[in-house]
Amino acid sequence: MSLTDRLRGVFVDALELPEGTDVENLNYRGIEQWDSLGHMTLVAAIEDEFDVQLDTEQVIDMSSFKVALDMLRGLGVDE
Amino acid sequence: MSLVAPTARLIDAASGAVLGGPDLAAEVDRHAAAYAGFPPGVVFARSGTSVPAVLRYAGAWRAGRPVALLDPGLDPAVLADFVGRFCPAVVVGLAEGGAGATPGELPKRYRAVDDPTLGPVWVREGACADQPHPDLAVLLATSGSTGDPRFVRLSRAAVESNAAAVARALAVGPDEVAPTSLPLYYSFGMSVLNSHLAAGATVLVVDGGVLAREFWQAVAAHGATSLAGVPYNYEMLHRIRWSPAKYPSLRTLTQAGGRLRDELVLAFHEKITALGGRFHVMWGCTEASPRMSTLPADALPERVGSVGPALDGGSFTVLGPDGAETDRPGVVGELVYRGPNVMMGYAENAADLARGDELGGVLRTGDLGHLDGDGFVWLRGRLKRFGKVFGVRVNLHDIEELARDHGPVAAVSGPDRVVLYAEQITDDDARALAGRLSERLRLHRSGFDVRTVERLPQLPSGKIDYRSLEALG
């Protein structure tokens, strides 16, 4: 599975997104599910799925799906 | 005392615009004047975290109108119910709110007006028969709960005295810059706003909360000096290994809205004292406008677990097991607070808004605890069946009622969440039920932990054995 697909899956599961959600264009606080608590759940899920540890700045910077994707690439996660 | 002291400033983090001194006073006056054209009565203010929301609030205060600070995310049906029951003269802040927040349909007997100062509003056609009591200043919903929606009635004197007492306890002076880390319609958020404006300090109006990049950019750019949080904010900051060292202007961390683990109180205390700052644990409730006590920073680490002594002008006693009130150290019972900041009472409808003070400055807190020899409060949990989810009080009985269709259920209070035990519920149903509770109570679903049990434990009397459920952790 591609990195994008894996991350999409993590978003859907962690934020309990309804079917048909345009995951790739999501922004933090852009939808009800992605609030501060959703964010924490999401961070934990990303750390589990990709075996990475996000630092303070990365958690705070992760303001959209796209940013999360770029961040994982930057951390050297395989495409 | 005025709500907004002459040196007070508002900074809009999004634009960098600063509104202070005579300009702020003029803006508050302009907003106050805008209310003059409406029928007499209460203002409903849908209040997001924005400078216009602060000005609409401060303007209503200046105009002497009672103002209800409302969550802009309130379900339109709940807002409609509130409007129907409380008969506000005007609903302002219709454009407030984030993701998907909408006020809903124009209520009957109201007309939609685009006010040049206040923005889009709903104005009542004529005055309501029930007019609010002249002492009434602020109305806050007791919780986001739809099971028990009512207002706490706060007088002008109560709000003013509490703003001043908080400013004294925390040494808030004109140099302080407080970011809006909590919603304005939440009593703690309102308290941060009031205490800083009244002390002539700066309020940095920034939306997004402590996990948003914009928030920390604003803290750095505008030299924020303090941070206010409820336990889950500090839990999140701990989880992401946040350190105040990156923000040298931060000097004061405050915590209220429920019990933060001792371990984290000490961890944040150490971090901020290493930088020359201080950590304050505080205790309050909406019914006390809202602050009752503050733990002096130098009482840590020795007195970790205490919420400190009463604020200036307040005092505590304990209602002992024999029913007698005492201030004797060590006696465990319901804590009773006395002070000028105690609410006038609750309101279920417009007629209640006309009522005067019903408590005489005495508030039974519903919390169990004891006092020590210096009058410091040590809490031991709730007397009645309430839980706190992310700092918001929820009635456990109401939650059980909402979940009744799943058969026998029992709700107990966990750390910053409600644990609901349901007999033989499936995983799917448990997830759906947590989602439904989250929607109805407007609190994040991770605040509801629905678990299955074979049979709910019972006491010999046949009542549910809540103690043993609580012991399951």
# chains A, B, ... in the order shown; residues from 1 in each chain; ligands from 1
$ residues_around --residues "Asp114 of chain B" --least-positions-apart "3" --cutoff "12 Å" --atoms "only C-alpha atoms" --output "PyMOL selection string"
chain B and resi 34+91-95+111+117-123
$ write_last_selection --atoms "N, CA and C atoms" --output "PDB file, in the first residue's frame"
ATOM      1  N   ALA B  34     -24.934  50.497  20.429  1.00  0.00           N
ATOM      2  CA  ALA B  34     -25.649  49.735  19.401  1.00  0.00           C
ATOM      3  C   ALA B  34     -26.797  48.921  19.999  1.00  0.00           C
ATOM      4  N   VAL B  91     -30.248  38.324  19.810  1.00  0.00           N
ATOM      5  CA  VAL B  91     -29.226  37.285  19.715  1.00  0.00           C
ATOM      6  C   VAL B  91     -28.134  37.838  18.812  1.00  0.00           C
ATOM      7  N   VAL B  92     -26.927  38.001  19.356  1.00  0.00           N
ATOM      8  CA  VAL B  92     -25.820  38.545  18.568  1.00  0.00           C
ATOM      9  C   VAL B  92     -24.779  37.453  18.309  1.00  0.00           C
ATOM     10  N   GLY B  93     -23.850  37.759  17.414  1.00  0.00           N
ATOM     11  CA  GLY B  93     -22.787  36.791  17.104  1.00  0.00           C
ATOM     12  C   GLY B  93     -23.269  35.679  16.195  1.00  0.00           C
ATOM     13  N   LEU B  94     -24.243  35.974  15.338  1.00  0.00           N
ATOM     14  CA  LEU B  94     -24.798  34.927  14.466  1.00  0.00           C
ATOM     15  C   LEU B  94     -23.756  34.383  13.493  1.00  0.00           C
ATOM     16  N   ALA B  95     -22.746  35.195  13.195  1.00  0.00           N
ATOM     17  CA  ALA B  95     -21.722  34.749  12.247  1.00  0.00           C
ATOM     18  C   ALA B  95     -20.556  34.064  12.949  1.00  0.00           C
ATOM     19  N   ARG B 111     -36.786  39.243  14.165  1.00  0.00           N
ATOM     20  CA  ARG B 111     -36.445  39.598  12.792  1.00  0.00           C
ATOM     21  C   ARG B 111     -34.933  39.681  12.665  1.00  0.00           C
ATOM     22  N   THR B 117     -22.757  47.816  13.660  1.00  0.00           N
ATOM     23  CA  THR B 117     -21.732  47.617  14.688  1.00  0.00           C
ATOM     24  C   THR B 117     -21.648  46.164  15.141  1.00  0.00           C
ATOM     25  N   LEU B 118     -22.816  45.570  15.394  1.00  0.00           N
ATOM     26  CA  LEU B 118     -22.837  44.243  16.007  1.00  0.00           C
ATOM     27  C   LEU B 118     -22.816  43.106  14.990  1.00  0.00           C
ATOM     28  N   GLY B 119     -23.065  43.445  13.718  1.00  0.00           N
ATOM     29  CA  GLY B 119     -23.123  42.388  12.703  1.00  0.00           C
ATOM     30  C   GLY B 119     -24.516  41.781  12.654  1.00  0.00           C
ATOM     31  N   PRO B 120     -24.639  40.599  12.023  1.00  0.00           N
ATOM     32  CA  PRO B 120     -25.959  39.992  11.899  1.00  0.00           C
ATOM     33  C   PRO B 120     -26.534  39.593  13.268  1.00  0.00           C
ATOM     34  N   VAL B 121     -27.764  40.012  13.527  1.00  0.00           N
ATOM     35  CA  VAL B 121     -28.412  39.733  14.815  1.00  0.00           C
ATOM     36  C   VAL B 121     -29.874  39.359  14.584  1.00  0.00           C
ATOM     37  N   TRP B 122     -30.460  38.716  15.590  1.00  0.00           N
ATOM     38  CA  TRP B 122     -31.902  38.495  15.619  1.00  0.00           C
ATOM     39  C   TRP B 122     -32.471  39.392  16.714  1.00  0.00           C
ATOM     40  N   VAL B 123     -33.424  40.228  16.322  1.00  0.00           N
ATOM     41  CA  VAL B 123     -34.011  41.161  17.289  1.00  0.00           C
ATOM     42  C   VAL B 123     -35.448  40.753  17.580  1.00  0.00           C
TER      43      VAL B 123
END
$ closest_atom_pairs --of "segment 156-270 of chain B" --to "segment 58-64 of chain A" --cutoff "7 Å" --atoms "only C-alpha atoms" --output "CSV"
residue,atom,partner,partner_atom,distance
B:Leu211,CA,A:Ile60,CA,5.3
B:Ala212,CA,A:Ile60,CA,5.5
B:Arg213,CA,A:Ile60,CA,5.3
B:Ile240,CA,A:Val59,CA,7.0
$ write_last_selection --atoms "N, CA and C atoms" --output "PDB file, in the first residue's frame"
ATOM      1  N   LEU B 211      -2.831  23.254  20.711  1.00  0.00           N
ATOM      2  CA  LEU B 211      -2.210  22.359  19.727  1.00  0.00           C
ATOM      3  C   LEU B 211      -2.076  23.016  18.361  1.00  0.00           C
ATOM      4  N   ALA B 212      -2.429  24.275  18.272  1.00  0.00           N
ATOM      5  CA  ALA B 212      -2.387  24.958  16.972  1.00  0.00           C
ATOM      6  C   ALA B 212      -1.117  25.785  16.834  1.00  0.00           C
ATOM      7  N   ARG B 213      -0.526  25.692  15.671  1.00  0.00           N
ATOM      8  CA  ARG B 213       0.683  26.466  15.387  1.00  0.00           C
ATOM      9  C   ARG B 213       0.423  27.969  15.587  1.00  0.00           C
ATOM     10  N   ILE B 240       2.903  15.774  24.360  1.00  0.00           N
ATOM     11  CA  ILE B 240       3.728  16.201  23.214  1.00  0.00           C
ATOM     12  C   ILE B 240       5.073  16.785  23.689  1.00  0.00           C
TER      13      ILE B 240
END
$ interface_residues --of "chain B" --to "chain A" --cutoff "12 Å" --atoms "only C-alpha atoms" --output "MDAnalysis selection string"
chainID B and resid 73 97:101 181 207:217 232:233 235:244 246 389:390 431:432 434:435 438:439 442:447
$ residues_around --residues "Ala68 of chain B" --least-positions-apart "5" --cutoff "6 Å" --atoms "only C-alpha atoms" --output "PyMOL selection string"
chain B and resi 44-45+138-140
$ write_last_selection --atoms "C-alpha atoms" --output "mmCIF file, in the first residue's frame"
data_model
loop_
_atom_site.group_PDB
_atom_site.id
_atom_site.type_symbol
_atom_site.label_atom_id
_atom_site.label_comp_id
_atom_site.auth_asym_id
_atom_site.auth_seq_id
_atom_site.Cartn_x
_atom_site.Cartn_y
_atom_site.Cartn_z
ATOM 1 C CA PHE B 44 -27.696 36.181 23.875
ATOM 2 C CA ALA B 45 -24.119 36.325 22.597
ATOM 3 C CA VAL B 138 -23.899 37.362 33.081
ATOM 4 C CA LEU B 139 -25.568 34.051 32.282
ATOM 5 C CA LEU B 140 -23.550 30.898 31.700
#
$ residues_around --residues "Asp22 of chain A" --least-positions-apart "2" --cutoff "12 Å" --atoms "only C-alpha atoms" --output "list in words"
Arg8, Phe11, Val12, Leu17, Pro18, Glu19, Gly20, Glu24, Asn25, Leu26, Asn27, Gly30, Ile31, Ser64 and Phe65 of chain A
$ write_last_selection --atoms "N, CA and C atoms" --output "PDB file, in the first residue's frame"
ATOM      1  N   ARG A   8      -4.119   7.773   4.767  1.00  0.00           N
ATOM      2  CA  ARG A   8      -5.559   8.005   4.652  1.00  0.00           C
ATOM      3  C   ARG A   8      -6.307   7.065   5.600  1.00  0.00           C
ATOM      4  N   PHE A  11      -6.040   8.232   9.163  1.00  0.00           N
ATOM      5  CA  PHE A  11      -6.948   9.363   9.413  1.00  0.00           C
ATOM      6  C   PHE A  11      -8.380   8.872   9.615  1.00  0.00           C
ATOM      7  N   VAL A  12      -8.822   8.000   8.705  1.00  0.00           N
ATOM      8  CA  VAL A  12     -10.205   7.521   8.754  1.00  0.00           C
ATOM      9  C   VAL A  12     -10.469   6.799  10.074  1.00  0.00           C
ATOM     10  N   LEU A  17     -13.839   8.920  10.621  1.00  0.00           N
ATOM     11  CA  LEU A  17     -14.430   9.737   9.559  1.00  0.00           C
ATOM     12  C   LEU A  17     -15.507   8.959   8.812  1.00  0.00           C
ATOM     13  N   PRO A  18     -16.582   9.648   8.457  1.00  0.00           N
ATOM     14  CA  PRO A  18     -17.629   8.978   7.687  1.00  0.00           C
ATOM     15  C   PRO A  18     -17.128   8.653   6.279  1.00  0.00           C
ATOM     16  N   GLU A  19     -17.746   7.645   5.683  1.00  0.00           N
ATOM     17  CA  GLU A  19     -17.382   7.241   4.326  1.00  0.00           C
ATOM     18  C   GLU A  19     -17.545   8.435   3.382  1.00  0.00           C
ATOM     19  N   GLY A  20     -16.659   8.535   2.415  1.00  0.00           N
ATOM     20  CA  GLY A  20     -16.784   9.609   1.424  1.00  0.00           C
ATOM     21  C   GLY A  20     -16.121  10.910   1.856  1.00  0.00           C
ATOM     22  N   GLU A  24      -7.847  13.788   1.938  1.00  0.00           N
ATOM     23  CA  GLU A  24      -6.600  14.440   1.529  1.00  0.00           C
ATOM     24  C   GLU A  24      -6.645  15.959   1.615  1.00  0.00           C
ATOM     25  N   ASN A  25      -7.841  16.521   1.703  1.00  0.00           N
ATOM     26  CA  ASN A  25      -7.934  17.978   1.823  1.00  0.00           C
ATOM     27  C   ASN A  25      -8.347  18.435   3.220  1.00  0.00           C
ATOM     28  N   LEU A  26      -8.215  17.540   4.187  1.00  0.00           N
ATOM     29  CA  LEU A  26      -8.606  17.906   5.557  1.00  0.00           C
ATOM     30  C   LEU A  26      -7.583  18.841   6.197  1.00  0.00           C
ATOM     31  N   ASN A  27      -8.120  19.774   7.017  1.00  0.00           N
ATOM     32  CA  ASN A  27      -7.285  20.659   7.824  1.00  0.00           C
ATOM     33  C   ASN A  27      -7.674  20.523   9.280  1.00  0.00           C
ATOM     34  N   GLY A  30     -10.844  21.850  10.758  1.00  0.00           N
ATOM     35  CA  GLY A  30     -11.716  22.111   9.614  1.00  0.00           C
ATOM     36  C   GLY A  30     -12.991  21.285   9.693  1.00  0.00           C
ATOM     37  N   ILE A  31     -12.939  20.195  10.427  1.00  0.00           N
ATOM     38  CA  ILE A  31     -14.125  19.375  10.674  1.00  0.00           C
ATOM     39  C   ILE A  31     -14.215  19.090  12.160  1.00  0.00           C
ATOM     40  N   SER A  64      -2.577  19.772   8.537  1.00  0.00           N
ATOM     41  CA  SER A  64      -3.408  19.248   7.442  1.00  0.00           C
ATOM     42  C   SER A  64      -2.908  17.853   7.066  1.00  0.00           C
ATOM     43  N   PHE A  65      -3.717  17.149   6.294  1.00  0.00           N
ATOM     44  CA  PHE A  65      -3.312  15.843   5.791  1.00  0.00           C
ATOM     45  C   PHE A  65      -2.024  15.971   4.995  1.00  0.00           C
TER      46      PHE A  65
END
$ select_by_dssp --residues "chain A" --states "helix (DSSP H, G or I)" --output "ChimeraX atom specification"
/A:3-14,23-25,36-50,56-61,65-74
$ write_last_selection --atoms "N, CA and C atoms" --output "compact mmCIF listing (two decimals), in the first residue's frame"
# COMPACT_ATOMS: atom_id res chain seq x y z
N LEU A 3 2.15 5.13 0.72
CA LEU A 3 2.17 5.95 1.93
C LEU A 3 0.87 6.76 2.06
N THR A 4 0.45 7.35 0.93
CA THR A 4 -0.79 8.15 0.95
C THR A 4 -1.98 7.32 1.40
N ASP A 5 -2.08 6.10 0.86
CA ASP A 5 -3.21 5.23 1.23
C ASP A 5 -3.15 4.82 2.70
N ARG A 6 -1.94 4.51 3.15
CA ARG A 6 -1.79 4.12 4.56
C ARG A 6 -2.18 5.28 5.48
N LEU A 7 -1.72 6.48 5.13
CA LEU A 7 -2.02 7.64 5.97
C LEU A 7 -3.52 7.95 5.94
N ARG A 8 -4.12 7.77 4.77
CA ARG A 8 -5.56 8.01 4.65
C ARG A 8 -6.31 7.06 5.60
N GLY A 9 -5.86 5.81 5.60
CA GLY A 9 -6.47 4.82 6.49
C GLY A 9 -6.34 5.20 7.96
N VAL A 10 -5.17 5.72 8.32
CA VAL A 10 -4.94 6.14 9.71
C VAL A 10 -5.88 7.28 10.07
N PHE A 11 -6.04 8.23 9.16
CA PHE A 11 -6.95 9.36 9.41
C PHE A 11 -8.38 8.87 9.61
N VAL A 12 -8.82 8.00 8.70
CA VAL A 12 -10.20 7.52 8.75
C VAL A 12 -10.47 6.80 10.07
N ASP A 13 -9.54 5.93 10.48
CA ASP A 13 -9.72 5.17 11.71
C ASP A 13 -9.62 6.06 12.95
N ALA A 14 -8.56 6.87 13.00
CA ALA A 14 -8.29 7.66 14.21
C ALA A 14 -9.38 8.71 14.44
N VAL A 23 -10.48 13.07 2.58
CA VAL A 23 -9.43 13.03 3.60
C VAL A 23 -8.21 13.87 3.20
N GLU A 24 -7.85 13.79 1.94
CA GLU A 24 -6.60 14.44 1.53
C GLU A 24 -6.64 15.96 1.61
N ASN A 25 -7.84 16.52 1.70
CA ASN A 25 -7.93 17.98 1.82
C ASN A 25 -8.35 18.44 3.22
N SER A 36 -8.88 19.17 19.07
CA SER A 36 -7.62 18.92 19.79
C SER A 36 -7.51 17.46 20.25
N LEU A 37 -8.65 16.90 20.67
CA LEU A 37 -8.58 15.51 21.14
C LEU A 37 -8.42 14.55 19.98
N GLY A 38 -9.10 14.84 18.88
CA GLY A 38 -8.90 14.05 17.67
C GLY A 38 -7.44 14.11 17.23
N HIS A 39 -6.86 15.28 17.39
CA HIS A 39 -5.46 15.48 17.00
C HIS A 39 -4.54 14.56 17.79
N MET A 40 -4.79 14.47 19.09
CA MET A 40 -3.95 13.61 19.93
C MET A 40 -4.11 12.14 19.53
N THR A 41 -5.34 11.75 19.25
CA THR A 41 -5.59 10.37 18.82
C THR A 41 -4.86 10.10 17.51
N LEU A 42 -4.94 11.08 16.63
CA LEU A 42 -4.31 10.96 15.32
C LEU A 42 -2.78 10.85 15.44
N VAL A 43 -2.20 11.68 16.29
CA VAL A 43 -0.75 11.64 16.48
C VAL A 43 -0.33 10.25 16.98
N ALA A 44 -1.07 9.74 17.96
CA ALA A 44 -0.73 8.42 18.50
C ALA A 44 -0.85 7.35 17.42
N ALA A 45 -1.89 7.46 16.59
CA ALA A 45 -2.12 6.47 15.54
C ALA A 45 -1.02 6.52 14.48
N ILE A 46 -0.59 7.73 14.14
CA ILE A 46 0.48 7.89 13.15
C ILE A 46 1.79 7.30 13.70
N GLU A 47 2.05 7.59 14.99
CA GLU A 47 3.28 7.06 15.59
C GLU A 47 3.28 5.53 15.59
N ASP A 48 2.11 4.95 15.85
CA ASP A 48 1.98 3.48 15.85
C ASP A 48 2.18 2.90 14.45
N GLU A 49 1.44 3.47 13.51
CA GLU A 49 1.41 2.91 12.15
C GLU A 49 2.78 3.01 11.48
N PHE A 50 3.46 4.13 11.67
CA PHE A 50 4.70 4.34 10.91
C PHE A 50 5.96 4.18 11.78
N THR A 56 7.44 17.87 19.68
CA THR A 56 6.45 18.91 19.98
C THR A 56 6.11 19.74 18.75
N GLU A 57 7.16 20.18 18.06
CA GLU A 57 6.94 21.07 16.92
C GLU A 57 6.19 20.37 15.79
N GLN A 58 6.51 19.09 15.59
CA GLN A 58 5.82 18.34 14.53
C GLN A 58 4.33 18.16 14.86
N VAL A 59 4.05 17.90 16.13
CA VAL A 59 2.64 17.75 16.52
C VAL A 59 1.89 19.05 16.27
N ILE A 60 2.52 20.15 16.63
CA ILE A 60 1.87 21.46 16.48
C ILE A 60 1.78 21.88 15.01
N ASP A 61 2.77 21.46 14.23
CA ASP A 61 2.78 21.84 12.80
C ASP A 61 1.82 21.03 11.95
N PHE A 65 -3.72 17.15 6.29
CA PHE A 65 -3.31 15.84 5.79
C PHE A 65 -2.02 15.97 5.00
N LYS A 66 -1.98 17.01 4.17
CA LYS A 66 -0.81 17.20 3.29
C LYS A 66 0.46 17.43 4.10
N VAL A 67 0.35 18.24 5.15
CA VAL A 67 1.51 18.49 6.01
C VAL A 67 1.97 17.18 6.66
N ALA A 68 1.00 16.38 7.10
CA ALA A 68 1.34 15.10 7.73
C ALA A 68 2.08 14.20 6.74
N LEU A 69 1.60 14.19 5.52
CA LEU A 69 2.21 13.37 4.48
C LEU A 69 3.66 13.81 4.23
N ASP A 70 3.84 15.12 4.07
CA ASP A 70 5.20 15.64 3.84
C ASP A 70 6.11 15.35 5.02
N MET A 71 5.53 15.45 6.21
CA MET A 71 6.33 15.21 7.40
C MET A 71 6.84 13.76 7.45
N LEU A 72 5.95 12.83 7.09
CA LEU A 72 6.34 11.42 7.10
C LEU A 72 7.40 11.15 6.05
N ARG A 73 7.26 11.79 4.91
CA ARG A 73 8.30 11.66 3.87
C ARG A 73 9.61 12.19 4.42
N GLY A 74 9.55 13.33 5.08
CA GLY A 74 10.76 13.93 5.66
C GLY A 74 11.41 13.03 6.69
$ closest_residue --among "B:Asp429, B:Arg393, B:Pro132, B:Pro66" --to "Asp405 of chain B" --atoms "only C-alpha atoms"
B:Asp429
$ atom_distance --atom1 "atom CA of Tyr421 of chain B" --atom2 "atom CA of Gly258 of chain B"
22.4 Å
$ select_by_dssp --residues "segment 224-262 of chain B" --states "strand (DSSP E or B)" --output "number ranges by chain"
B: 226-229, 252-255
$ write_last_selection --atoms "N, CA and C atoms" --output "PDB file, in the first residue's frame"
ATOM      1  N   SER B 226       1.238  34.417  30.289  1.00  0.00           N
ATOM      2  CA  SER B 226       0.584  33.367  31.070  1.00  0.00           C
ATOM      3  C   SER B 226      -0.145  32.403  30.152  1.00  0.00           C
ATOM      4  N   LEU B 227      -0.471  31.259  30.734  1.00  0.00           N
ATOM      5  CA  LEU B 227      -1.224  30.248  30.003  1.00  0.00           C
ATOM      6  C   LEU B 227      -2.194  29.606  30.986  1.00  0.00           C
ATOM      7  N   ALA B 228      -3.473  29.571  30.593  1.00  0.00           N
ATOM      8  CA  ALA B 228      -4.504  28.960  31.432  1.00  0.00           C
ATOM      9  C   ALA B 228      -4.959  27.671  30.785  1.00  0.00           C
ATOM     10  N   GLY B 229      -5.065  26.611  31.594  1.00  0.00           N
ATOM     11  CA  GLY B 229      -5.491  25.349  31.015  1.00  0.00           C
ATOM     12  C   GLY B 229      -6.299  24.497  31.982  1.00  0.00           C
ATOM     13  N   THR B 252       3.586  32.579  34.057  1.00  0.00           N
ATOM     14  CA  THR B 252       2.552  32.016  34.926  1.00  0.00           C
ATOM     15  C   THR B 252       1.741  30.962  34.192  1.00  0.00           C
ATOM     16  N   LEU B 253       1.653  29.783  34.778  1.00  0.00           N
ATOM     17  CA  LEU B 253       0.764  28.749  34.272  1.00  0.00           C
ATOM     18  C   LEU B 253      -0.341  28.566  35.304  1.00  0.00           C
ATOM     19  N   THR B 254      -1.590  28.550  34.844  1.00  0.00           N
ATOM     20  CA  THR B 254      -2.697  28.330  35.780  1.00  0.00           C
ATOM     21  C   THR B 254      -3.496  27.120  35.339  1.00  0.00           C
ATOM     22  N   GLN B 255      -4.028  26.414  36.321  1.00  0.00           N
ATOM     23  CA  GLN B 255      -4.802  25.211  36.021  1.00  0.00           C
ATOM     24  C   GLN B 255      -6.044  25.191  36.895  1.00  0.00           C
TER      25      GLN B 255
END
$ decode --residues "segment 46-68 of chain B" --atoms "N, CA and C atoms" --output "PDB file, in the first residue's frame"
ATOM      1  N   ARG B  46     -23.642  34.583  20.988  1.00  0.00           N
ATOM      2  CA  ARG B  46     -22.869  33.427  20.502  1.00  0.00           C
ATOM      3  C   ARG B  46     -21.425  33.915  20.432  1.00  0.00           C
ATOM      4  N   SER B  47     -20.562  33.296  21.211  1.00  0.00           N
ATOM      5  CA  SER B  47     -19.226  33.859  21.371  1.00  0.00           C
ATOM      6  C   SER B  47     -18.137  32.865  21.016  1.00  0.00           C
ATOM      7  N   GLY B  48     -17.535  33.075  19.872  1.00  0.00           N
ATOM      8  CA  GLY B  48     -16.330  32.338  19.536  1.00  0.00           C
ATOM      9  C   GLY B  48     -15.152  33.078  20.145  1.00  0.00           C
ATOM     10  N   THR B  49     -13.958  32.686  19.757  1.00  0.00           N
ATOM     11  CA  THR B  49     -12.780  33.374  20.259  1.00  0.00           C
ATOM     12  C   THR B  49     -12.374  34.424  19.235  1.00  0.00           C
ATOM     13  N   SER B  50     -12.967  35.608  19.363  1.00  0.00           N
ATOM     14  CA  SER B  50     -12.689  36.663  18.392  1.00  0.00           C
ATOM     15  C   SER B  50     -12.815  38.026  19.073  1.00  0.00           C
ATOM     16  N   VAL B  51     -12.143  39.014  18.513  1.00  0.00           N
ATOM     17  CA  VAL B  51     -12.231  40.376  19.064  1.00  0.00           C
ATOM     18  C   VAL B  51     -13.670  40.895  18.986  1.00  0.00           C
ATOM     19  N   PRO B  52     -14.365  40.717  17.855  1.00  0.00           N
ATOM     20  CA  PRO B  52     -15.769  41.167  17.835  1.00  0.00           C
ATOM     21  C   PRO B  52     -16.618  40.541  18.950  1.00  0.00           C
ATOM     22  N   ALA B  53     -16.371  39.261  19.258  1.00  0.00           N
ATOM     23  CA  ALA B  53     -17.145  38.611  20.328  1.00  0.00           C
ATOM     24  C   ALA B  53     -16.850  39.269  21.678  1.00  0.00           C
ATOM     25  N   VAL B  54     -15.591  39.611  21.913  1.00  0.00           N
ATOM     26  CA  VAL B  54     -15.228  40.286  23.164  1.00  0.00           C
ATOM     27  C   VAL B  54     -15.899  41.657  23.234  1.00  0.00           C
ATOM     28  N   LEU B  55     -15.913  42.384  22.110  1.00  0.00           N
ATOM     29  CA  LEU B  55     -16.502  43.725  22.103  1.00  0.00           C
ATOM     30  C   LEU B  55     -18.021  43.675  22.286  1.00  0.00           C
ATOM     31  N   ARG B  56     -18.664  42.649  21.711  1.00  0.00           N
ATOM     32  CA  ARG B  56     -20.113  42.522  21.898  1.00  0.00           C
ATOM     33  C   ARG B  56     -20.447  42.236  23.365  1.00  0.00           C
ATOM     34  N   TYR B  57     -19.587  41.446  24.004  1.00  0.00           N
ATOM     35  CA  TYR B  57     -19.755  41.138  25.428  1.00  0.00           C
ATOM     36  C   TYR B  57     -19.500  42.383  26.279  1.00  0.00           C
ATOM     37  N   ALA B  58     -18.354  43.021  26.059  1.00  0.00           N
ATOM     38  CA  ALA B  58     -17.997  44.201  26.855  1.00  0.00           C
ATOM     39  C   ALA B  58     -18.999  45.334  26.620  1.00  0.00           C
ATOM     40  N   GLY B  59     -19.523  45.427  25.399  1.00  0.00           N
ATOM     41  CA  GLY B  59     -20.512  46.457  25.075  1.00  0.00           C
ATOM     42  C   GLY B  59     -21.820  46.217  25.810  1.00  0.00           C
ATOM     43  N   ALA B  60     -22.256  44.964  25.852  1.00  0.00           N
ATOM     44  CA  ALA B  60     -23.495  44.630  26.564  1.00  0.00           C
ATOM     45  C   ALA B  60     -23.319  44.935  28.050  1.00  0.00           C
ATOM     46  N   TRP B  61     -22.150  44.591  28.590  1.00  0.00           N
ATOM     47  CA  TRP B  61     -21.851  44.876  30.000  1.00  0.00           C
ATOM     48  C   TRP B  61     -21.931  46.385  30.250  1.00  0.00           C
ATOM     49  N   ARG B  62     -21.301  47.152  29.364  1.00  0.00           N
ATOM     50  CA  ARG B  62     -21.261  48.606  29.491  1.00  0.00           C
ATOM     51  C   ARG B  62     -22.669  49.181  29.400  1.00  0.00           C
ATOM     52  N   ALA B  63     -23.486  48.572  28.556  1.00  0.00           N
ATOM     53  CA  ALA B  63     -24.856  49.055  28.371  1.00  0.00           C
ATOM     54  C   ALA B  63     -25.763  48.607  29.522  1.00  0.00           C
ATOM     55  N   GLY B  64     -25.215  47.820  30.440  1.00  0.00           N
ATOM     56  CA  GLY B  64     -26.010  47.367  31.581  1.00  0.00           C
ATOM     57  C   GLY B  64     -26.993  46.272  31.229  1.00  0.00           C
ATOM     58  N   ARG B  65     -26.730  45.574  30.141  1.00  0.00           N
ATOM     59  CA  ARG B  65     -27.621  44.473  29.754  1.00  0.00           C
ATOM     60  C   ARG B  65     -27.036  43.138  30.203  1.00  0.00           C
ATOM     61  N   PRO B  66     -27.867  42.294  30.812  1.00  0.00           N
ATOM     62  CA  PRO B  66     -27.389  40.948  31.116  1.00  0.00           C
ATOM     63  C   PRO B  66     -27.037  40.237  29.820  1.00  0.00           C
ATOM     64  N   VAL B  67     -25.929  39.502  29.840  1.00  0.00           N
ATOM     65  CA  VAL B  67     -25.492  38.847  28.613  1.00  0.00           C
ATOM     66  C   VAL B  67     -25.210  37.369  28.885  1.00  0.00           C
ATOM     67  N   ALA B  68     -25.787  36.525  28.032  1.00  0.00           N
ATOM     68  CA  ALA B  68     -25.532  35.086  28.107  1.00  0.00           C
ATOM     69  C   ALA B  68     -24.442  34.763  27.108  1.00  0.00           C
TER      70      ALA B  68
END
